[in-house]
Amino acid sequence: MPTTTTWTTRHAVTRMFGCDLAVVWRGPDLWSWTVTVAGEQVRSGSARTMSGAQDAAVRAAKAHTDDGGRIQLPLF
């Protein structure tokens with residue numbers, strides 16, 4: 001007997017404007033997003049929907065790039 005499979009996206013990643021963007025489901029009505037460069041987080045936030053979090057992450061990555069794209073790497 002065939003079964004129906006329902007897929008749910010809970011984690012989305014991409015790269016834009018030289019930044020790594022990640023959107024992660026955190027629970028009902030909560031998606032968190034982060035923007036990183038060279039492994040260092042430069043911006044983050046949350047939204048109520050996946051598309052809202054994706055849009056916010058893209059805007060943050062573009063703003064970071066427009067601001068010169070500078071980051072402070074940790075010193076060892």
# chains A, B, ... in the order shown; residues from 1 in each chain; ligands from 1
$ select_by_dssp --residues "chain A" --states "strand (DSSP E)" --output "MDAnalysis selection string"
chainID A and resid 11:16 19:27 30:37 40:47
$ closest_residue --among "A:Ala12, A:Leu21, A:Val37, A:Ala63" --to "A:Met50" --atoms "only C-alpha atoms"
A:Ala12
$ atom_distance --atom1 "atom CA of A:Thr49" --atom2 "atom CA of A:Met16"
20.0 Å
$ closest_residue --among "A:Phe17, A:Glu40, A:Trp25, A:Ser32" --to "A:Val58" --atoms "only C-alpha atoms"
A:Phe17
$ residues_around --residues "A:Ser46" --least-positions-apart "2" --cutoff "9 Å" --atoms "only C-alpha atoms" --output "list in words"
Val23, Leu30, Trp31, Ser32, Trp33, Thr34, Ser44, Arg48, Thr49, Gly52, Ala53 and Ala56 of chain A
$ residues_around --residues "A:Val35" --least-positions-apart "6" --cutoff "6 Å" --atoms "only C-alpha atoms" --output "ChimeraX atom specification"
/A:20-21,41-43
$ write_last_selection --atoms "all heavy atoms" --output "tab-separated table (two decimals), in the first residue's frame"
chain	number	residue	atom	x	y	z
A	20	ASP	N	26.87	34.31	4.01
A	20	ASP	CA	26.11	33.07	4.17
A	20	ASP	C	24.85	33.41	4.95
A	20	ASP	O	24.92	34.02	6.03
A	20	ASP	CB	26.93	32.03	4.93
A	20	ASP	CG	28.15	31.59	4.14
A	20	ASP	OD1	28.02	31.37	2.92
A	20	ASP	OD2	29.22	31.46	4.74
A	21	LEU	N	23.69	33.00	4.43
A	21	LEU	CA	22.41	33.27	5.07
A	21	LEU	C	21.80	31.95	5.50
A	21	LEU	O	21.81	30.98	4.74
A	21	LEU	CB	21.44	33.96	4.11
A	21	LEU	CG	21.70	35.42	3.74
A	21	LEU	CD1	23.00	35.61	3.01
A	21	LEU	CD2	20.56	35.97	2.93
A	41	GLN	N	29.26	35.76	12.70
A	41	GLN	CA	27.91	36.31	12.58
A	41	GLN	C	27.98	37.84	12.53
A	41	GLN	O	28.60	38.47	13.38
A	41	GLN	CB	27.08	35.88	13.78
A	41	GLN	CG	25.65	36.38	13.72
A	41	GLN	CD	24.82	35.83	14.86
A	41	GLN	OE1	24.87	34.63	15.13
A	41	GLN	NE2	24.06	36.68	15.52
A	42	VAL	N	27.34	38.42	11.52
A	42	VAL	CA	27.32	39.88	11.40
A	42	VAL	C	25.94	40.46	11.69
A	42	VAL	O	25.83	41.61	12.11
A	42	VAL	CB	27.83	40.34	10.02
A	42	VAL	CG1	29.30	40.04	9.86
A	42	VAL	CG2	27.03	39.75	8.89
A	43	ARG	N	24.89	39.70	11.47
A	43	ARG	CA	23.53	40.14	11.77
A	43	ARG	C	22.67	38.92	12.06
A	43	ARG	O	22.94	37.82	11.58
A	43	ARG	CB	22.92	40.90	10.59
A	43	ARG	CG	23.74	42.07	10.11
A	43	ARG	CD	23.03	43.39	10.33
A	43	ARG	NE	23.92	44.52	10.17
A	43	ARG	CZ	24.10	45.21	9.05
A	43	ARG	NH1	23.47	44.88	7.96
A	43	ARG	NH2	24.93	46.24	9.03
$ closest_residue --among "A:Thr14, A:Thr3, A:Thr9, A:Cys19" --to "A:Lys62" --atoms "only C-alpha atoms"
A:Cys19
$ atom_distance --atom1 "atom CA of A:Arg15" --atom2 "atom CA of A:Thr36"
9.5 Å
$ closest_residue --among "A:Pro28, A:Thr4, A:Val13, A:Gly39" --to "A:Ala57" --atoms "only C-alpha atoms"
A:Val13
$ atom_distance --atom1 "atom CA of A:Arg10" --atom2 "atom CA of A:Gly45"
16.1 Å
$ select_by_dssp --residues "stretch 16-54 of chain A" --states "helix (DSSP H, G or I)" --output "list in words"
Met50, Ser51, Gly52, Ala53 and Gln54 of chain A
$ write_last_selection --atoms "N, CA, C and O atoms" --output "mmCIF file, in the first residue's frame"
data_model
loop_
_atom_site.group_PDB
_atom_site.id
_atom_site.type_symbol
_atom_site.label_atom_id
_atom_site.label_comp_id
_atom_site.auth_asym_id
_atom_site.auth_seq_id
_atom_site.Cartn_x
_atom_site.Cartn_y
_atom_site.Cartn_z
ATOM 1 N N MET A 50 8.610 31.895 7.421
ATOM 2 C CA MET A 50 9.855 31.560 6.738
ATOM 3 C C MET A 50 10.184 32.619 5.685
ATOM 4 O O MET A 50 11.328 33.060 5.595
ATOM 5 N N SER A 51 9.202 33.032 4.920
ATOM 6 C CA SER A 51 9.478 34.031 3.885
ATOM 7 C C SER A 51 9.873 35.368 4.510
ATOM 8 O O SER A 51 10.729 36.081 3.973
ATOM 9 N N GLY A 52 9.284 35.719 5.648
ATOM 10 C CA GLY A 52 9.673 36.946 6.341
ATOM 11 C C GLY A 52 11.114 36.884 6.822
ATOM 12 O O GLY A 52 11.862 37.859 6.713
ATOM 13 N N ALA A 53 11.527 35.724 7.327
ATOM 14 C CA ALA A 53 12.906 35.553 7.787
ATOM 15 C C ALA A 53 13.872 35.578 6.602
ATOM 16 O O ALA A 53 14.949 36.178 6.690
ATOM 17 N N GLN A 54 13.493 34.960 5.496
ATOM 18 C CA GLN A 54 14.348 34.976 4.312
ATOM 19 C C GLN A 54 14.522 36.400 3.795
ATOM 20 O O GLN A 54 15.635 36.812 3.477
#
